[in-house]
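S.K.: Structure: structure_30.txt, compact mmCIF, C-alpha atoms and all ligand atoms.
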# COMPACT_ATOMS: atom_id res chain seq x y z
CA MET A 1315 9.58 -8.33 37.73
CA CYS A 1316 10.86 -7.79 34.19
CA VAL A 1317 9.48 -4.97 32.04
CA LEU A 1318 7.66 -7.38 29.72
CA GLU A 1319 5.73 -9.00 32.55
CA SER A 1320 4.74 -5.73 34.17
CA ARG A 1321 3.31 -4.26 30.95
CA ARG A 1322 -0.43 -4.75 30.57
CA ARG A 1323 -1.35 -6.73 27.47
CA LYS A 1324 -3.05 -4.60 24.82
CA ASN A 1325 -6.68 -5.49 24.11
CA LEU A 1326 -7.40 -6.05 20.45
CA VAL A 1327 -10.55 -6.24 18.36
CA LEU A 1328 -10.20 -7.80 14.91
CA LEU A 1329 -12.81 -6.88 12.29
CA GLY A 1330 -12.73 -9.21 9.27
CA ALA A 1331 -11.07 -11.97 11.30
CA THR A 1332 -11.65 -14.73 8.73
CA GLY A 1333 -10.27 -12.87 5.70
CA SER A 1334 -6.82 -12.72 4.17
CA ILE A 1335 -5.74 -9.80 6.40
CA GLY A 1336 -7.59 -11.31 9.36
CA ARG A 1337 -5.66 -14.59 9.08
CA ASN A 1338 -2.36 -12.77 8.72
CA ALA A 1339 -3.23 -10.72 11.81
CA ILE A 1340 -3.96 -13.93 13.71
CA ASP A 1341 -0.55 -15.24 12.70
CA VAL A 1342 1.02 -12.06 14.11
CA LEU A 1343 -0.98 -12.42 17.35
CA ARG A 1344 0.29 -15.99 17.78
CA ARG A 1345 3.82 -14.54 17.68
CA PHE A 1346 3.01 -11.96 20.38
CA ARG A 1347 0.70 -13.72 22.80
CA GLY A 1348 2.34 -11.97 25.73
CA ARG A 1349 1.70 -8.55 24.26
CA PHE A 1350 -1.86 -8.71 22.89
CA ARG A 1351 -5.17 -10.17 24.01
CA LEU A 1352 -7.88 -10.74 21.42
CA ILE A 1353 -11.08 -9.52 23.09
CA GLY A 1354 -13.30 -9.33 20.00
CA ALA A 1355 -13.55 -10.74 16.49
CA ALA A 1356 -16.04 -10.06 13.70
CA ALA A 1357 -16.82 -11.67 10.36
CA HIS A 1358 -19.59 -11.86 7.81
CA SER A 1359 -20.68 -15.50 7.79
CA ASN A 1360 -17.79 -17.93 8.29
CA VAL A 1361 -18.89 -19.47 11.60
CA GLU A 1362 -16.59 -22.51 11.51
CA GLU A 1363 -13.45 -20.39 11.37
CA MET A 1364 -14.84 -17.96 13.95
CA ALA A 1365 -15.57 -20.82 16.36
CA ARG A 1366 -12.00 -22.13 15.98
CA LEU A 1367 -10.53 -18.69 16.55
CA ILE A 1368 -12.72 -17.98 19.57
CA GLY A 1369 -11.68 -21.33 21.04
CA GLU A 1370 -7.98 -20.80 20.44
CA PHE A 1371 -7.81 -17.26 21.83
CA GLU A 1372 -10.66 -17.55 24.36
CA VAL A 1373 -12.33 -14.52 22.77
CA PRO A 1374 -15.09 -13.20 25.03
CA ARG A 1375 -17.10 -11.26 22.41
CA ALA A 1376 -17.77 -11.73 18.71
CA ALA A 1377 -20.02 -10.36 15.99
CA MET A 1378 -21.40 -11.85 12.78
CA PHE A 1379 -22.78 -9.53 10.14
CA ARG A 1380 -25.47 -12.08 9.19
CA GLU A 1381 -28.08 -12.54 11.93
CA ASP A 1382 -28.67 -16.21 11.04
CA LYS A 1383 -24.94 -16.88 11.27
CA ALA A 1384 -24.76 -15.12 14.63
CA ALA A 1385 -27.47 -17.47 15.91
CA GLU A 1386 -25.56 -20.44 14.50
CA LEU A 1387 -22.34 -19.34 16.19
CA ARG A 1388 -24.14 -18.79 19.51
CA ALA A 1389 -25.48 -22.34 19.33
CA MET A 1390 -22.03 -23.72 18.50
CA LEU A 1391 -20.35 -21.91 21.40
CA ASN A 1392 -22.99 -22.65 23.96
CA GLY A 1393 -22.60 -19.44 25.99
CA ARG A 1394 -18.78 -19.41 25.96
CA CYS A 1395 -18.75 -16.14 24.02
CA GLU A 1396 -21.22 -13.29 23.60
CA VAL A 1397 -22.20 -13.04 19.93
CA LEU A 1398 -23.55 -9.78 18.53
CA ALA A 1399 -25.22 -9.47 15.13
CA GLY A 1400 -25.66 -7.17 12.14
CA THR A 1401 -23.92 -3.90 11.25
CA GLU A 1402 -24.77 -2.51 14.69
CA GLY A 1403 -23.35 -5.60 16.38
CA VAL A 1404 -20.09 -5.29 14.43
CA ALA A 1405 -19.94 -1.54 15.19
CA THR A 1406 -20.61 -2.14 18.91
CA LEU A 1407 -17.70 -4.56 18.98
CA ALA A 1408 -15.52 -1.98 17.21
CA GLY A 1409 -16.34 0.57 19.90
CA ASP A 1410 -15.74 -1.84 22.82
CA PRO A 1411 -14.59 0.40 25.70
CA GLU A 1412 -12.11 -2.31 26.75
CA ALA A 1413 -10.28 -2.30 23.41
CA ASP A 1414 -7.00 -0.42 22.92
CA THR A 1415 -6.56 -1.27 19.24
CA VAL A 1416 -8.99 -2.19 16.49
CA ILE A 1417 -7.81 -3.85 13.29
CA SER A 1418 -10.11 -2.77 10.49
CA ALA A 1419 -9.99 -5.56 7.88
CA ILE A 1420 -13.53 -5.96 6.60
CA VAL A 1421 -13.65 -5.75 2.82
CA GLY A 1422 -15.35 -2.82 1.07
CA ALA A 1423 -17.80 -0.13 2.14
CA ALA A 1424 -19.28 -2.52 4.75
CA GLY A 1425 -16.38 -1.55 7.00
CA LEU A 1426 -17.29 2.15 7.08
CA LEU A 1427 -19.61 2.30 10.10
CA PRO A 1428 -17.59 -0.10 12.32
CA THR A 1429 -14.30 1.64 11.47
CA LEU A 1430 -15.83 5.03 12.19
CA ARG A 1431 -17.15 3.71 15.51
CA ALA A 1432 -13.64 2.58 16.46
CA ILE A 1433 -12.27 6.02 15.58
CA GLU A 1434 -15.03 7.77 17.53
CA SER A 1435 -14.11 5.63 20.52
CA GLY A 1436 -10.61 7.14 20.46
CA LYS A 1437 -8.66 3.95 19.81
CA ARG A 1438 -5.61 3.05 17.79
CA VAL A 1439 -7.22 1.96 14.53
CA ALA A 1440 -4.98 -0.12 12.30
CA ILE A 1441 -6.63 0.19 8.88
CA ALA A 1442 -6.37 -2.32 6.07
CA ASN A 1443 -9.92 -1.62 4.91
CA LYS A 1444 -9.13 1.28 2.56
CA GLU A 1445 -12.59 1.71 1.03
CA PRO A 1446 -14.06 3.66 4.01
CA LEU A 1447 -11.12 6.10 3.87
CA VAL A 1448 -11.80 6.62 0.17
CA MET A 1449 -15.50 7.21 0.80
CA ALA A 1450 -15.33 9.34 3.91
CA GLY A 1451 -11.71 10.31 4.54
CA ALA A 1452 -12.58 13.83 5.70
CA ILE A 1453 -15.12 12.56 8.20
CA MET A 1454 -12.75 9.92 9.53
CA ARG A 1455 -9.87 12.37 9.90
CA ALA A 1456 -12.06 14.92 11.68
CA ALA A 1457 -13.40 12.20 14.00
CA ALA A 1458 -9.86 11.04 14.78
CA ASP A 1459 -8.84 14.59 15.71
CA ARG A 1460 -11.97 15.09 17.82
CA HIS A 1461 -11.69 11.81 19.70
CA GLY A 1462 -7.92 11.47 19.90
CA ALA A 1463 -7.86 8.30 17.80
CA GLU A 1464 -4.68 7.17 16.11
CA ILE A 1465 -5.10 5.96 12.51
CA LEU A 1466 -2.24 3.71 11.41
CA PRO A 1467 -1.97 2.11 7.98
CA ILE A 1468 -1.76 -1.63 7.36
CA ASP A 1469 -1.87 -1.36 3.57
CA SER A 1470 1.73 -2.20 2.63
CA GLU A 1471 2.31 0.92 0.51
CA HIS A 1472 0.97 3.23 3.18
CA SER A 1473 2.87 1.46 5.90
CA ALA A 1474 5.98 2.01 3.76
CA VAL A 1475 5.17 5.72 3.34
CA PHE A 1476 4.41 6.01 7.05
CA GLN A 1477 7.80 4.48 7.87
CA ALA A 1478 9.66 6.59 5.29
CA MET A 1479 7.96 9.75 6.59
CA ARG A 1480 9.85 9.30 9.82
CA SER A 1481 12.99 10.45 7.96
CA GLY A 1482 11.86 14.05 7.74
CA ALA A 1483 9.21 16.62 8.64
CA ARG A 1484 5.85 16.67 6.85
CA GLY A 1485 6.66 20.06 5.32
CA GLU A 1486 9.83 18.60 3.80
CA VAL A 1487 8.00 15.98 1.73
CA ARG A 1488 8.01 16.64 -2.00
CA ARG A 1489 6.38 13.49 -3.43
CA ILE A 1490 4.90 10.18 -2.37
CA LEU A 1491 5.66 7.35 -4.82
CA LEU A 1492 3.23 4.46 -4.44
CA THR A 1493 4.49 1.24 -5.99
CA ALA A 1494 2.20 -1.22 -7.79
CA SER A 1495 3.03 -4.71 -9.04
CA GLY A 1496 0.97 -4.06 -12.17
CA GLY A 1497 -1.10 -7.19 -11.61
CA PRO A 1498 -1.56 -10.16 -13.96
CA PHE A 1499 -2.34 -7.98 -17.00
CA ARG A 1500 0.62 -5.63 -16.68
CA ASP A 1501 1.91 -6.52 -20.14
CA ALA A 1502 -1.30 -7.87 -21.68
CA GLY A 1503 -2.87 -6.43 -24.83
CA ARG A 1504 -6.36 -4.92 -24.79
CA GLU A 1505 -7.78 -8.03 -26.52
CA THR A 1506 -6.44 -10.29 -23.77
CA MET A 1507 -7.86 -7.94 -21.15
CA ALA A 1508 -11.24 -7.84 -22.90
CA ARG A 1509 -11.44 -11.65 -22.78
CA ALA A 1510 -9.99 -12.03 -19.27
CA THR A 1511 -11.86 -14.43 -17.01
CA ALA A 1512 -12.30 -14.14 -13.25
CA LYS A 1513 -9.82 -17.00 -12.82
CA GLU A 1514 -7.15 -15.10 -14.78
CA ALA A 1515 -7.82 -11.87 -12.92
CA LEU A 1516 -7.56 -13.70 -9.59
CA ASN A 1517 -4.08 -14.98 -10.43
CA HIS A 1518 -1.97 -12.25 -8.81
CA PRO A 1519 1.77 -12.46 -9.56
CA THR A 1520 3.15 -11.49 -6.12
CA TRP A 1521 0.45 -11.16 -3.42
CA ASN A 1522 -2.04 -13.66 -2.03
CA MET A 1523 -5.18 -11.71 -1.03
CA GLY A 1524 -8.99 -11.73 -0.93
CA ALA A 1525 -10.94 -11.84 -4.22
CA LYS A 1526 -12.07 -8.21 -4.37
CA ILE A 1527 -8.65 -6.64 -3.84
CA THR A 1528 -7.08 -9.14 -6.24
CA VAL A 1529 -9.41 -8.02 -9.05
CA ASP A 1530 -8.73 -4.42 -7.98
CA SER A 1531 -5.03 -5.13 -8.43
CA ALA A 1532 -5.65 -6.46 -11.93
CA THR A 1533 -7.54 -3.28 -12.94
CA LEU A 1534 -5.17 -1.03 -10.94
CA MET A 1535 -8.30 0.17 -9.14
CA ASN A 1536 -6.52 -0.93 -5.98
CA LYS A 1537 -3.81 1.64 -6.70
CA ALA A 1538 -6.50 4.17 -7.60
CA LEU A 1539 -8.12 3.69 -4.19
CA GLU A 1540 -4.67 3.87 -2.60
CA ILE A 1541 -4.02 7.32 -4.13
CA ILE A 1542 -7.08 8.64 -2.29
CA GLU A 1543 -6.16 6.62 0.81
CA ALA A 1544 -2.70 8.27 0.81
CA HIS A 1545 -4.28 11.70 0.42
CA TRP A 1546 -6.27 11.22 3.62
CA LEU A 1547 -3.66 9.36 5.62
CA PHE A 1548 -0.83 11.78 4.96
CA GLY A 1549 -2.64 15.01 4.07
CA ALA A 1550 -0.77 15.05 0.74
CA PRO A 1551 -2.15 16.97 -2.24
CA TYR A 1552 -3.00 14.81 -5.28
CA ASP A 1553 -0.26 16.49 -7.35
CA ALA A 1554 2.28 15.06 -4.90
CA ILE A 1555 1.10 11.44 -5.12
CA GLU A 1556 2.44 9.33 -8.00
CA VAL A 1557 2.27 5.69 -8.98
CA VAL A 1558 5.25 3.61 -10.11
CA ILE A 1559 5.01 0.07 -11.49
CA HIS A 1560 7.40 -2.23 -9.65
CA PRO A 1561 6.74 -5.87 -10.64
CA GLN A 1562 8.77 -7.51 -7.83
CA SER A 1563 6.76 -5.95 -4.94
CA ILE A 1564 9.88 -5.57 -2.80
CA VAL A 1565 9.99 -1.78 -2.55
CA HIS A 1566 6.62 -1.11 -0.92
CA SER A 1567 6.66 2.65 -1.60
CA MET A 1568 8.90 5.70 -1.40
CA VAL A 1569 8.91 9.26 -0.13
CA GLU A 1570 10.91 11.98 -1.84
CA PHE A 1571 12.00 14.86 0.36
CA ARG A 1572 12.66 18.40 -0.86
CA ASP A 1573 16.44 17.95 -0.77
CA GLY A 1574 16.04 15.21 -3.39
CA SER A 1575 16.51 12.26 -1.03
CA VAL A 1576 14.20 9.35 -1.75
CA VAL A 1577 13.52 7.05 1.20
CA ALA A 1578 12.11 3.62 0.38
CA GLN A 1579 10.88 0.79 2.58
CA MET A 1580 11.62 -2.75 1.43
CA GLY A 1581 10.45 -6.16 2.52
CA LEU A 1582 9.03 -9.40 1.23
CA PRO A 1583 5.47 -9.23 -0.08
CA ASP A 1584 4.10 -10.42 3.27
CA MET A 1585 1.29 -8.52 5.01
CA ARG A 1586 2.33 -9.76 8.43
CA LEU A 1587 5.08 -7.15 8.58
CA PRO A 1588 2.89 -4.04 8.08
CA ILE A 1589 0.24 -5.56 10.37
CA GLN A 1590 2.84 -6.13 13.08
CA TYR A 1591 4.24 -2.62 12.68
CA ALA A 1592 0.78 -1.04 13.03
CA LEU A 1593 0.26 -3.02 16.23
CA THR A 1594 3.64 -2.45 17.86
CA TYR A 1595 4.46 1.07 16.58
CA PRO A 1596 6.54 2.97 17.62
CA ASP A 1597 8.43 -0.17 18.66
CA ARG A 1598 10.01 -2.62 16.24
CA LEU A 1599 9.97 -6.17 17.52
CA ASP A 1600 11.41 -9.42 16.26
CA GLY A 1601 8.39 -11.51 15.32
CA GLY A 1602 10.48 -14.13 13.55
CA LEU A 1603 9.18 -13.23 10.09
CA PRO A 1604 11.26 -14.46 7.13
CA PRO A 1605 13.96 -11.92 6.20
CA LEU A 1606 14.38 -10.21 2.84
CA THR A 1607 17.37 -11.95 1.31
CA LEU A 1608 19.76 -10.46 -1.26
CA ASP A 1609 18.63 -12.77 -4.07
CA ARG A 1610 15.17 -11.18 -3.96
CA MET A 1611 16.78 -7.78 -4.55
CA SER A 1612 19.07 -8.69 -7.44
CA SER A 1613 16.75 -7.06 -9.94
CA LEU A 1614 14.29 -4.35 -9.03
CA ASP A 1615 12.45 -2.69 -11.92
CA PHE A 1616 10.47 0.53 -11.95
CA MET A 1617 8.39 1.93 -14.81
CA PRO A 1618 5.53 4.36 -15.32
CA PRO A 1619 1.98 2.92 -15.44
CA ASP A 1620 0.15 2.64 -18.77
CA ARG A 1621 -2.70 5.06 -18.20
CA GLU A 1622 -4.36 4.25 -21.54
CA ARG A 1623 -4.87 0.58 -20.74
CA PHE A 1624 -5.51 1.30 -17.06
CA PRO A 1625 -7.71 4.42 -16.82
CA SER A 1626 -8.33 3.68 -13.12
CA LEU A 1627 -5.56 6.01 -11.94
CA ASP A 1628 -7.09 8.95 -13.78
CA PHE A 1629 -10.49 8.10 -12.31
CA ALA A 1630 -8.94 8.41 -8.86
CA TYR A 1631 -7.21 11.73 -9.53
CA GLU A 1632 -10.43 13.08 -11.04
CA ALA A 1633 -12.68 11.84 -8.21
CA GLY A 1634 -10.18 12.85 -5.54
CA ARG A 1635 -9.80 16.39 -6.88
CA ARG A 1636 -13.56 16.79 -7.34
CA GLY A 1637 -14.04 15.70 -3.75
CA GLY A 1638 -17.52 15.66 -2.22
CA VAL A 1639 -19.22 12.32 -2.91
CA ALA A 1640 -17.15 11.58 -6.04
CA PRO A 1641 -14.68 9.23 -4.28
CA ALA A 1642 -17.59 7.34 -2.69
CA VAL A 1643 -19.16 6.95 -6.12
CA LEU A 1644 -15.86 5.75 -7.57
CA ASN A 1645 -15.56 3.17 -4.81
CA ALA A 1646 -19.16 1.93 -4.93
CA ALA A 1647 -19.20 1.70 -8.73
CA ASN A 1648 -16.01 -0.35 -8.56
CA GLU A 1649 -17.30 -2.67 -5.82
CA GLU A 1650 -20.47 -3.34 -7.76
CA ALA A 1651 -18.68 -3.79 -11.10
CA VAL A 1652 -16.22 -6.25 -9.51
CA LYS A 1653 -19.15 -8.25 -8.13
CA LEU A 1654 -20.69 -8.41 -11.62
CA PHE A 1655 -17.35 -9.41 -13.14
CA LEU A 1656 -16.75 -12.16 -10.57
CA ALA A 1657 -20.28 -13.45 -11.23
CA GLY A 1658 -19.42 -13.67 -14.94
CA LYS A 1659 -22.03 -11.03 -15.85
CA ILE A 1660 -19.69 -8.42 -17.36
CA GLY A 1661 -16.27 -8.49 -18.99
CA PHE A 1662 -13.04 -7.26 -17.44
CA LEU A 1663 -12.91 -3.99 -19.43
CA ASP A 1664 -16.58 -3.33 -18.61
CA ILE A 1665 -15.41 -2.61 -15.05
CA PHE A 1666 -13.76 0.57 -16.37
CA ASP A 1667 -16.81 1.50 -18.45
CA ARG A 1668 -19.22 1.13 -15.53
CA ILE A 1669 -17.04 3.23 -13.24
CA GLU A 1670 -16.57 5.92 -15.87
CA ASP A 1671 -20.31 6.02 -16.53
CA ALA A 1672 -21.05 6.48 -12.82
CA LEU A 1673 -18.51 9.30 -12.52
CA ARG A 1674 -19.82 11.01 -15.68
CA THR A 1675 -23.48 10.90 -14.64
CA LEU A 1676 -22.77 11.93 -11.07
CA ASP A 1677 -23.21 15.67 -11.60
CA ILE A 1678 -26.77 15.37 -12.78
CA ASN A 1679 -27.73 13.29 -9.78
CA PHE A 1680 -26.05 15.11 -6.94
CA ALA A 1681 -25.50 18.82 -6.66
CA GLY A 1682 -22.71 17.59 -4.39
CA GLY A 1683 -21.48 19.67 -1.47
CA VAL A 1684 -17.77 19.92 -0.84
CA GLU A 1685 -18.17 18.41 2.62
CA PRO A 1686 -20.91 15.81 2.36
CA SER A 1687 -22.45 14.29 5.47
CA LEU A 1688 -22.25 10.58 6.18
CA ASP A 1689 -25.86 10.20 5.00
CA GLU A 1690 -25.07 11.96 1.72
CA ILE A 1691 -22.06 9.70 1.22
CA LEU A 1692 -24.12 6.58 1.89
CA ALA A 1693 -26.85 7.84 -0.49
CA ALA A 1694 -24.22 8.39 -3.21
CA ASP A 1695 -22.86 4.90 -2.55
CA ARG A 1696 -26.37 3.41 -3.06
CA TRP A 1697 -26.98 5.49 -6.17
CA ALA A 1698 -23.71 4.37 -7.80
CA ARG A 1699 -24.43 0.70 -7.06
CA GLU A 1700 -27.88 0.95 -8.62
CA ARG A 1701 -26.49 2.78 -11.64
CA VAL A 1702 -23.83 0.10 -12.24
CA ALA A 1703 -26.22 -2.82 -11.68
CA SER A 1704 -28.95 -1.41 -13.93
CA LYS A 1705 -26.84 -0.61 -17.01
P1 LIG B 1801 -11.25 -10.98 2.38
O1 LIG B 1801 -12.34 -11.05 1.39
O2 LIG B 1801 -10.20 -12.05 2.37
O3 LIG B 1801 -11.87 -10.94 3.86
C1 LIG B 1801 -12.89 -10.07 4.20
C2 LIG B 1801 -13.23 -10.22 5.66
O4 LIG B 1801 -14.29 -9.33 6.01
C3 LIG B 1801 -13.75 -11.62 6.03
O5 LIG B 1801 -13.40 -11.89 7.36
C4 LIG B 1801 -15.27 -11.45 5.94
O6 LIG B 1801 -16.01 -12.42 6.69
C5 LIG B 1801 -15.40 -10.06 6.53
N1 LIG B 1801 -16.61 -9.32 6.17
C6 LIG B 1801 -17.08 -9.05 4.93
N2 LIG B 1801 -18.20 -8.30 5.02
C7 LIG B 1801 -18.42 -8.08 6.34
C8 LIG B 1801 -19.40 -7.38 7.08
N3 LIG B 1801 -20.41 -6.74 6.48
N4 LIG B 1801 -19.32 -7.37 8.44
C9 LIG B 1801 -18.32 -8.03 9.08
N5 LIG B 1801 -17.35 -8.71 8.42
C10 LIG B 1801 -17.40 -8.72 7.09
O7 LIG B 1801 -10.58 -9.54 2.23
P2 LIG B 1801 -9.06 -9.11 2.47
O8 LIG B 1801 -8.61 -9.61 3.79
O9 LIG B 1801 -8.26 -9.42 1.27
O10 LIG B 1801 -9.18 -7.53 2.51
C11 LIG B 1801 -9.75 -6.85 3.62
C12 LIG B 1801 -9.48 -5.35 3.44
O11 LIG B 1801 -8.08 -5.12 3.53
C13 LIG B 1801 -9.92 -4.80 2.07
O12 LIG B 1801 -10.40 -3.51 2.24
C14 LIG B 1801 -8.62 -4.77 1.27
O13 LIG B 1801 -8.62 -3.76 0.29
C15 LIG B 1801 -7.60 -4.46 2.35
N6 LIG B 1801 -6.25 -4.94 2.07
C16 LIG B 1801 -6.02 -6.27 1.90
C17 LIG B 1801 -4.76 -6.76 1.63
C18 LIG B 1801 -4.50 -8.22 1.54
O14 LIG B 1801 -3.32 -8.63 1.48
N7 LIG B 1801 -5.49 -9.08 1.51
C19 LIG B 1801 -3.61 -5.83 1.48
C20 LIG B 1801 -3.94 -4.45 1.71
C21 LIG B 1801 -5.22 -4.03 1.99
P3 LIG B 1801 -16.43 -13.87 6.04
O15 LIG B 1801 -15.15 -14.64 5.89
O16 LIG B 1801 -17.33 -14.44 7.07
O17 LIG B 1801 -17.09 -13.58 4.73
MG MG B 1802 -1.71 -2.03 -1.01
Show me this structure written as structure tokens.
Ligand code: NDP
Ligand code: MG
M.R.:
Amino acid sequence: MCVLESRRRKNLVLLGATGSIGRNAIDVLRRFRGRFRLIGAAAHSNVEEMARLIGEFEVPRAAMFREDKAAELRAMLNGRCEVLAGTEGVATLAGDPEADTVISAIVGAAGLLPTLRAIESGKRVAIANKEPLVMAGAIMRAAADRHGAEILPIDSEHSAVFQAMRSGARGEVRRILLTASGGPFRDAGRETMARATAKEALNHPTWNMGAKITVDSATLMNKALEIIEAHWLFGAPYDAIEVVIHPQSIVHSMVEFRDGSVVAQMGLPDMRLPIQYALTYPDRLDGGLPPLTLDRMSSLDFMPPDRERFPSLDFAYEAGRRGGVAPAVLNAANEEAVKLFLAGKIGFLDIFDRIEDALRTLDINFAGGVEPSLDEILAADRWARERVASK
């Protein structure tokens, strides 16, 4: 028997199966059918796509966040798949004792409890869903240590850093350089940004992603969240994490070592590669993804971010260094402000104002311990959302 046949297929649970990351993950799974078995999939409300996916991969267990949608899916599948419901249903799926790996690709704070459940169940957790790490990075790290879980990044920058880190020891790292495309308003004036519509903000120059992260890329809040994400993933101090604008999105990030060597990871802007790496690590396999050709590398530009027009990065350094519930407030204020912007209720620049207001008023509302509990974090999340919505 050859080695491939004798190896047991890895059992996978995919949270956020119908989203942009979810679909890319499905594409990767189609390339490695002999290596992975999809034993669980979760989504919010898209039952049609879930039914197709469950049929194609013969998925035995699923979860829908919305109870009514779970009932709908159950009726559609006629007993062919167990369908759980609500946050607890999604979290139960994430903690499935049969699963080896959980892909965390729900969008926003909604992914916190399921992702934590996967970590507490000691699995390999491949994380795209950065918001929970921003909110509760300390709790997630401690849980991973306690339960022997492996947290691997899917976010392209963090996958790049993770790969570059393999060139040296942790103590030899001097700086992490996170690259950012700069989004659709990289060179826009303040007036253009003030008038920007949701359609303009959703027009990302290099990546094709879900709505929330696309707006986050336009405000650079995505990079802000990624600074805090990098802090928790790599244990790097905030002084050692910098952001570089790189419009072509070919260099996905870099690590500078203390001898001055800078190690970069390059690839096309295609999330399938970091997803595949998180699933197959430490192996590198040929999944037949399109190669990075020389013409895409003929001009690679790097420049510092404009921190006046994009105050998001400073919000992240401030919230990250303050610690406690500040990062959770930063994240929740942003999520709520993006919702208002996408609904046409506030302008693009108002997103910054609402976040800043939440961070400024935070002190009065929470004495704020250095190591908040999960309940304190969730309370801060609720407070920030109410503050942003009621302004
Ligand atoms: P999408 O909006 O495209 O997809 C979100 C997914 O989560 C959908 O499957 C949605 O289901 C599901 N979902 C939403 N809320 C819940 C809930 N409460 N319970 C269960 N499922 C839920 O988002 P993206 O795929 O773009 O992003 C997902 C995460 O990955 C985000 O945190 C983002 O920051 C991160 N990320 C994304 C990248 C990308 O290229 N898209 C790159 C790097 C990071 P339904 O379809 O039913 O609504
Ligand atoms: Mg990213």
S.K.: Could I get the residue neighbourhood of ligand LIG 1801 (chain B) at 6 Å, counting all atoms listed in the file, as JSON, numbers by chain?
M.R.: {"A": [1330, 1331, 1332, 1333, 1334, 1335, 1336, 1356, 1357, 1358, 1359, 1360, 1379, 1419, 1420, 1421, 1422, 1424, 1442, 1443, 1444, 1445, 1469, 1523, 1524, 1525, 1527, 1585]}
S.K.: Set the distance at 12 Å and use all atoms listed in the file: which residues neighbour A:Glu1386 once local chain neighbours fewer than 2 positions away are removed? I'd like the list as a PyMOL selection string.
M.R.: chain A and resi 1359-1362+1364-1365+1377-1378+1380-1384+1388-1393+1397-1399
S.K.: Could you save the residues just selected, with C-alpha atoms, as a short mmCIF file (atom, residue, chain, number, x, y, z; two decimals), in the frame of the given file?
M.R.:
data_model
loop_
_atom_site.label_atom_id
_atom_site.label_comp_id
_atom_site.auth_asym_id
_atom_site.auth_seq_id
_atom_site.Cartn_x
_atom_site.Cartn_y
_atom_site.Cartn_z
CA SER A 1359 -20.68 -15.50 7.79
CA ASN A 1360 -17.79 -17.93 8.29
CA VAL A 1361 -18.89 -19.47 11.60
CA GLU A 1362 -16.59 -22.51 11.51
CA MET A 1364 -14.84 -17.96 13.95
CA ALA A 1365 -15.57 -20.82 16.36
CA ALA A 1377 -20.02 -10.36 15.99
CA MET A 1378 -21.40 -11.85 12.78
CA ARG A 1380 -25.47 -12.08 9.19
CA GLU A 1381 -28.08 -12.54 11.93
CA ASP A 1382 -28.67 -16.21 11.04
CA LYS A 1383 -24.94 -16.88 11.27
CA ALA A 1384 -24.76 -15.12 14.63
CA ARG A 1388 -24.14 -18.79 19.51
CA ALA A 1389 -25.48 -22.34 19.33
CA MET A 1390 -22.03 -23.72 18.50
CA LEU A 1391 -20.35 -21.91 21.40
CA ASN A 1392 -22.99 -22.65 23.96
CA GLY A 1393 -22.60 -19.44 25.99
CA VAL A 1397 -22.20 -13.04 19.93
CA LEU A 1398 -23.55 -9.78 18.53
CA ALA A 1399 -25.22 -9.47 15.13
#
S.K.: Kindly provide, as a list of chain:residue names, all nucleotide and amino acid residues lying within 8 Å of ligand MG 1802 (chain B), counting all atoms listed in the file.
M.R.: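 After applying the 8 Å limit, what remains is A:Asp1469, A:Ser1470, A:Glu1471, A:His1472, A:Ala1494, A:Asn1536, A:Lys1537, A:Glu1540.
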S.K.: What lies within 12 Å of stretch 1428-1432 of chain A using all atoms listed in the file, ignoring chain neighbours under 6 positions off, as a PyMOL selection string?
M.R.: chain A and resi 1326-1330+1356-1357+1377+1379+1400-1422+1438-1447+1449-1458+1461-1465+1688
S.K.: Would you kindly return, as a PyMOL selection string, each protein, DNA or RNA residue with an atom no farther than 8 Å from any atom of stretch 1549-1554 of chain A, considering all atoms listed in the file and excluding same-chain residues fewer than 6 positions away?
M.R.: chain A and resi 1488-1490+1541-1542+1631+1634-1635
S.K.: Which polymer residues, whether protein, DNA or RNA, lie within 10 Å of the coordinate (2.8, -0.3, 17.5) when you count all atoms listed in the file? List them as a list of chain:residue names, using the chain letters and numbers from the file.
M.R.: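 Checked against the point, the hits come out as A:Thr1415, A:Arg1438, A:Ala1440, A:Leu1466, A:Ile1589, A:Gln1590, A:Tyr1591, A:Ala1592, A:Leu1593, A:Thr1594, A:Tyr1595, A:Pro1596, A:Asp1597, A:Arg1598, A:Leu1599.
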S.K.: Would you compute the distance between atom CA of A:His1560 and atom CA of A:Met1617? Give it in Å to one decimal.
M.R.: 6.7 Å
S.K.: What is the distance between atom CA of A:Val1643 and atom CA of A:Ala1672, in Å to one decimal?
M.R.: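 So the answer is 7.0 Å.
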S.K.: Quick one: pull the distance between atom CA of A:Arg1509 and atom CA of A:Phe1662, Å, one decimal.
M.R.: 7.1 Å
S.K.: List as number ranges by chain: which residues have an atom within 9 Å of (-17.9, 4.5, -1.1), counting only C-alpha atoms?
M.R.: A: 1422-1423, 1426, 1445-1450, 1639-1647, 1649, 1691-1692, 1694-1696, 1698
S.K.: Using all atoms listed in the file, which of A:Ile1669, A:Met1580, A:Ile1564, A:Ala1703 sits nearest A:Trp1521?
M.R.: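 Among the listed residues, the smallest separation from A:Trp1521 belongs to A:Ile1564.
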S.K.: Measuring between all atoms listed in the file, which one of A:Asn1648, A:Thr1511, A:Ser1687, A:Gln1562 shows the shortest distance to A:Ser1626?
M.R.: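 Once distances to A:Ser1626 are computed over all atoms listed in the file, the minimum belongs to A:Asn1648.
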S.K.: Got a sec: who's within 8 Å of A:Pro1374, counting only C-alpha atoms, leaving out chain neighbours fewer than 2 positions off, as an NGL selection string?
M.R.: :A and (1353-1354 or 1368 or 1372 or 1376 or 1394-1396)
